[in-house]
file upload-v9.txt (compact mmCIF, C-alpha atoms)
# COMPACT_ATOMS: atom_id res chain seq x y z
CA MET A 21 -10.92 14.58 81.79
CA ASP A 22 -13.10 12.68 84.22
CA ARG A 23 -15.05 9.78 82.63
CA ASP A 24 -18.33 10.99 84.13
CA GLN A 25 -17.76 14.43 82.64
CA GLU A 26 -17.02 12.86 79.23
CA TYR A 27 -20.25 10.90 79.49
CA VAL A 28 -22.27 14.01 80.41
CA GLU A 29 -20.78 15.92 77.47
CA PHE A 30 -21.49 13.04 75.09
CA VAL A 31 -25.13 12.84 76.24
CA ALA A 32 -25.53 16.61 75.89
CA ALA A 33 -24.16 16.48 72.33
CA ALA A 34 -25.86 13.29 71.09
CA GLY A 35 -29.04 13.10 73.18
CA GLY A 36 -31.26 14.89 70.66
CA ALA A 37 -30.13 12.73 67.76
CA LEU A 38 -30.62 9.56 69.78
CA ARG A 39 -34.14 10.68 70.76
CA ARG A 40 -35.06 11.37 67.11
CA THR A 41 -33.73 7.96 66.09
CA ALA A 42 -35.69 6.28 68.87
CA PHE A 43 -38.85 8.13 67.81
CA LEU A 44 -38.48 7.11 64.19
CA VAL A 45 -37.91 3.48 65.17
CA CYS A 46 -40.77 3.23 67.67
CA GLY A 47 -43.18 5.94 66.43
CA ASP A 48 -44.07 7.55 69.76
CA TRP A 49 -42.29 10.44 71.47
CA HIS A 50 -43.09 9.23 74.98
CA ARG A 51 -41.89 5.74 74.23
CA ALA A 52 -38.82 7.22 72.52
CA ASP A 53 -38.01 9.13 75.72
CA ASP A 54 -38.26 5.89 77.70
CA VAL A 55 -36.10 4.05 75.17
CA VAL A 56 -33.41 6.75 75.25
CA GLN A 57 -33.43 6.86 79.04
CA GLU A 58 -33.07 3.09 79.28
CA SER A 59 -30.37 3.17 76.60
CA LEU A 60 -28.39 5.89 78.36
CA VAL A 61 -28.38 3.81 81.55
CA LYS A 62 -27.00 0.86 79.57
CA LEU A 63 -24.47 3.15 77.90
CA TYR A 64 -23.26 4.54 81.23
CA ARG A 65 -22.75 1.05 82.65
CA SER A 66 -20.33 0.23 79.84
CA TRP A 67 -18.93 3.71 79.21
CA THR A 68 -15.32 2.71 79.92
CA LYS A 69 -15.52 -0.14 77.41
CA ILE A 70 -17.15 2.04 74.75
CA ASP A 71 -14.69 4.87 75.18
CA ARG A 72 -11.82 2.57 74.15
CA HIS A 73 -13.51 1.74 70.85
CA GLY A 74 -13.54 5.39 69.86
CA ASN A 75 -17.04 5.63 68.35
CA PRO A 76 -19.54 6.03 71.18
CA LEU A 77 -22.29 7.42 68.90
CA ALA A 78 -22.44 4.25 66.81
CA TYR A 79 -22.54 2.13 69.95
CA ALA A 80 -25.24 4.37 71.47
CA ARG A 81 -27.33 4.14 68.28
CA ARG A 82 -27.11 0.37 68.42
CA ILE A 83 -28.28 0.37 72.04
CA VAL A 84 -31.19 2.70 71.18
CA VAL A 85 -32.34 0.64 68.20
CA ASN A 86 -32.06 -2.67 70.08
CA THR A 87 -33.86 -1.23 73.11
CA ALA A 88 -36.64 0.14 70.92
CA LEU A 89 -37.05 -3.20 69.16
CA ASP A 90 -37.01 -5.07 72.48
CA SER A 91 -39.55 -2.74 74.08
CA GLY A 92 -41.90 -3.28 71.15
CA ARG A 93 -41.96 -6.98 71.95
CA ARG A 94 -43.44 -6.44 75.41
CA SER A 95 -47.07 -7.49 75.60
CA TRP A 96 -48.33 -4.22 77.08
CA ARG A 97 -47.01 -2.39 74.01
CA ARG A 98 -49.53 -4.15 71.78
CA GLU A 99 -52.29 -1.64 72.47
CA VAL A 100 -54.20 -0.49 69.41
CA PRO A 101 -54.81 3.25 69.06
CA THR A 102 -58.28 4.42 68.13
CA ALA A 103 -59.17 6.47 65.07
CA ASP A 104 -61.27 8.89 67.16
CA LEU A 105 -59.44 12.09 68.02
CA PRO A 106 -60.38 14.39 70.90
CA THR A 107 -62.47 17.39 69.90
CA ASP A 108 -60.10 19.82 71.62
CA GLN A 109 -57.20 18.90 69.33
CA VAL A 110 -54.86 21.78 68.51
CA ARG A 111 -54.89 22.77 64.84
CA LEU A 112 -51.85 24.01 62.96
CA GLY A 113 -51.81 27.23 60.96
CA GLY A 114 -52.30 27.22 57.20
CA ASP A 115 -48.63 27.83 56.36
CA HIS A 116 -47.43 24.61 57.92
CA ALA A 117 -50.45 22.42 57.29
CA ALA A 118 -49.19 20.75 54.11
CA GLU A 119 -45.78 20.16 55.65
CA GLN A 120 -47.32 18.64 58.76
CA ALA A 121 -49.70 16.52 56.68
CA ALA A 122 -46.77 15.08 54.71
CA ARG A 123 -44.88 14.38 57.95
CA ASP A 124 -47.93 12.71 59.49
CA GLU A 125 -48.44 10.67 56.34
CA LEU A 126 -44.85 9.44 56.48
CA LEU A 127 -45.00 8.66 60.21
CA THR A 128 -48.25 6.75 59.72
CA ALA A 129 -46.68 4.81 56.87
CA LEU A 130 -43.58 4.11 59.01
CA GLY A 131 -45.93 2.61 61.59
CA THR A 132 -47.01 -0.04 59.10
CA LEU A 133 -43.50 -1.45 58.80
CA ALA A 134 -42.28 -4.48 60.69
CA PRO A 135 -39.85 -3.45 63.48
CA ARG A 136 -36.68 -4.63 61.68
CA GLN A 137 -37.75 -3.02 58.40
CA ARG A 138 -38.49 0.21 60.23
CA ALA A 139 -35.10 0.14 61.95
CA CYS A 140 -33.34 -0.48 58.62
CA VAL A 141 -35.20 2.34 56.86
CA VAL A 142 -34.59 4.81 59.70
CA LEU A 143 -30.89 4.00 60.00
CA ARG A 144 -30.26 3.93 56.25
CA TYR A 145 -32.30 6.90 55.08
CA TYR A 146 -32.85 9.14 58.12
CA GLU A 147 -29.52 8.61 59.86
CA ASP A 148 -27.83 8.27 56.43
CA LEU A 149 -25.74 5.27 57.49
CA SER A 150 -24.18 2.84 55.06
CA VAL A 151 -25.42 -0.71 54.66
CA GLU A 152 -22.39 -1.95 56.60
CA GLN A 153 -22.89 0.52 59.47
CA THR A 154 -26.58 -0.41 59.68
CA ALA A 155 -25.73 -4.11 59.66
CA ALA A 156 -23.25 -3.56 62.50
CA ILE A 157 -25.83 -1.68 64.58
CA LEU A 158 -28.53 -4.30 64.01
CA GLY A 159 -26.18 -7.25 64.32
CA CYS A 160 -27.12 -8.78 60.98
CA SER A 161 -25.63 -9.22 57.51
CA ALA A 162 -25.41 -6.50 54.86
CA GLY A 163 -27.71 -8.59 52.65
CA THR A 164 -30.36 -8.60 55.37
CA VAL A 165 -30.12 -4.81 55.62
CA ARG A 166 -30.49 -4.45 51.85
CA SER A 167 -33.50 -6.77 51.65
CA GLN A 168 -35.21 -5.32 54.74
CA SER A 169 -34.63 -1.78 53.44
CA ALA A 170 -36.03 -2.64 50.00
CA ARG A 171 -39.09 -4.33 51.48
CA GLY A 172 -39.56 -1.47 53.91
CA LEU A 173 -39.42 1.16 51.16
CA GLU A 174 -41.89 -0.87 49.08
CA THR A 175 -44.26 -1.10 52.05
CA LEU A 176 -43.90 2.65 52.66
CA ARG A 177 -44.73 3.45 49.04
CA ASP A 178 -47.77 1.15 49.12
CA ALA A 179 -49.03 2.65 52.39
CA ILE A 180 -48.63 6.22 51.11
CA ASP A 181 -50.31 5.36 47.80
CA ARG A 182 -53.23 3.71 49.65
CA ASN A 183 -53.58 6.73 51.92
CA ARG A 184 -53.61 9.12 48.94
CA GLN A 185 -56.21 7.02 47.10
CA ILE A 186 -58.43 7.06 50.18
CA GLY A 187 -57.98 10.84 50.38
CA ARG A 188 -59.01 11.26 46.73
CA ALA A 189 -62.07 9.07 47.19
CA ARG A 190 -63.40 11.41 49.87

call {"tool": "encode", "arguments": {"input": "upload-v9.txt", "output": "structure tokens"}}
result
Amino acid sequence: MDRDQEYVEFVAAAGGALRRTAFLVCGDWHRADDVVQESLVKLYRSWTKIDRHGNPLAYARRIVVNTALDSGRRSWRREVPTADLPTDQVRLGGDHAAEQAARDELLTALGTLAPRQRACVVLRYYEDLSVEQTAAILGCSAGTVRSQSARGLETLRDAIDRNRQIGRAR
């Protein structure tokens, strides 16, 4: 099979998963799209090398996570969103409101994590990777993954608890 065709088939099969991973690491769908696009260009450039290793998805995940972390370091990414929402915001129906509220609460809490903690939590608990696989993707030791994951989970719990206490006070 032609290498370009293999690449196209890989992207078709793994593109959605890579986009979700990018979103969970960076917290913004538009930025996640940019990260995945940039990552797929990098992946294509080294497709022949990756193909020989036999696990292109792991390599692609590593590129996505590293690209997301690198893009977060750019100065123009340090914009601060406002708390004011537009008045024409679309509201969800009653059946899905609690589900969406829980998802929003988790995504907001994920946004409070440091980039490496966020990457560790996403790879370990969303992607369901082992400590060793996560360490390989992030290029760090297994101990670093364990400590960053533990700190990240603690920060998530604290952020969710704070948010719920604020909600009760209202």

call {"tool": "closest_residue", "arguments": {"input": "upload-v9.txt", "among": "A:Leu126, A:Ala78, A:Ile70, A:Val151", "to": "Thr175 in chain A", "atoms": "all atoms listed in the file"}}
result
A:Leu126

call {"tool": "atom_distance", "arguments": {"input": "upload-v9.txt", "atom1": "CA of Cys46 in chain A", "atom2": "CA of Gln137 in chain A"}}
result
11.6 Å

call {"tool": "closest_residue", "arguments": {"input": "upload-v9.txt", "among": "A:Ala155, A:Ala129, A:Gln120, A:Glu26", "to": "Val85 in chain A", "atoms": "all atoms listed in the file"}}
result
A:Ala155

call {"tool": "closest_residue", "arguments": {"input": "upload-v9.txt", "among": "A:Arg82, A:Arg123, A:Gln185, A:Ser91", "to": "Cys160 in chain A", "atoms": "all atoms listed in the file"}}
result
A:Arg82

call {"tool": "closest_residue", "arguments": {"input": "upload-v9.txt", "among": "A:Ala122, A:Pro135, A:Arg23, A:Leu143", "to": "Arg40 in chain A", "atoms": "all atoms listed in the file"}}
result
A:Leu143

call {"tool": "closest_residue", "arguments": {"input": "upload-v9.txt", "among": "A:Val28, A:Val84, A:Ala139, A:Val45", "to": "Tyr64 in chain A", "atoms": "all atoms listed in the file"}}
result
A:Val28

call {"tool": "atom_distance", "arguments": {"input": "upload-v9.txt", "atom1": "CA of Trp67 in chain A", "atom2": "CA of Asp24 in chain A"}}
result
8.8 Å

call {"tool": "residues_around", "arguments": {"input": "upload-v9.txt", "residues": "Val55 in chain A", "least_positions_apart": "2", "cutoff": "8 Å", "atoms": "only C-alpha atoms", "output": "list in words"}}
result
Ala42, Arg51, Ala52, Asp53, Gln57, Glu58, Ser59, Val84, Thr87, Ala88 and Ser91 of chain A

call {"tool": "residues_around", "arguments": {"input": "upload-v9.txt", "residues": "Glu152 in chain A", "least_positions_apart": "2", "cutoff": "9 Å", "atoms": "all atoms listed in the file", "output": "PDB file with C-alpha atoms, keeping the file's coordinate frame"}}
result
ATOM      1  CA  LEU A 149     -25.740   5.270  57.490  1.00  0.00           C
ATOM      2  CA  SER A 150     -24.180   2.840  55.060  1.00  0.00           C
ATOM      3  CA  THR A 154     -26.580  -0.410  59.680  1.00  0.00           C
ATOM      4  CA  ALA A 155     -25.730  -4.110  59.660  1.00  0.00           C
ATOM      5  CA  ALA A 156     -23.250  -3.560  62.500  1.00  0.00           C
ATOM      6  CA  ILE A 157     -25.830  -1.680  64.580  1.00  0.00           C
ATOM      7  CA  SER A 161     -25.630  -9.220  57.510  1.00  0.00           C
ATOM      8  CA  ALA A 162     -25.410  -6.500  54.860  1.00  0.00           C
ATOM      9  CA  VAL A 165     -30.120  -4.810  55.620  1.00  0.00           C
TER      10      VAL A 165
END

call {"tool": "residues_near_point", "arguments": {"input": "upload-v9.txt", "point": "(-40.4, -2.9, 56.5)", "cutoff": "10 Å", "atoms": "all atoms listed in the file", "output": "list in words"}}
result
Ala129, Leu130, Gly131, Thr132, Leu133, Ala134, Pro135, Arg136, Gln137, Arg138, Ala139, Cys140, Val141, Ser167, Gln168, Ser169, Ala170, Arg171, Gly172, Leu173, Glu174, Thr175 and Leu176 of chain A

call {"tool": "atom_distance", "arguments": {"input": "upload-v9.txt", "atom1": "CA of Asn183 in chain A", "atom2": "CA of Asp124 in chain A"}}
result
11.2 Å

call {"tool": "closest_residue", "arguments": {"input": "upload-v9.txt", "among": "A:Trp49, A:Tyr145, A:Ile83, A:Ala121", "to": "Arg65 in chain A", "atoms": "all atoms listed in the file"}}
result
A:Ile83
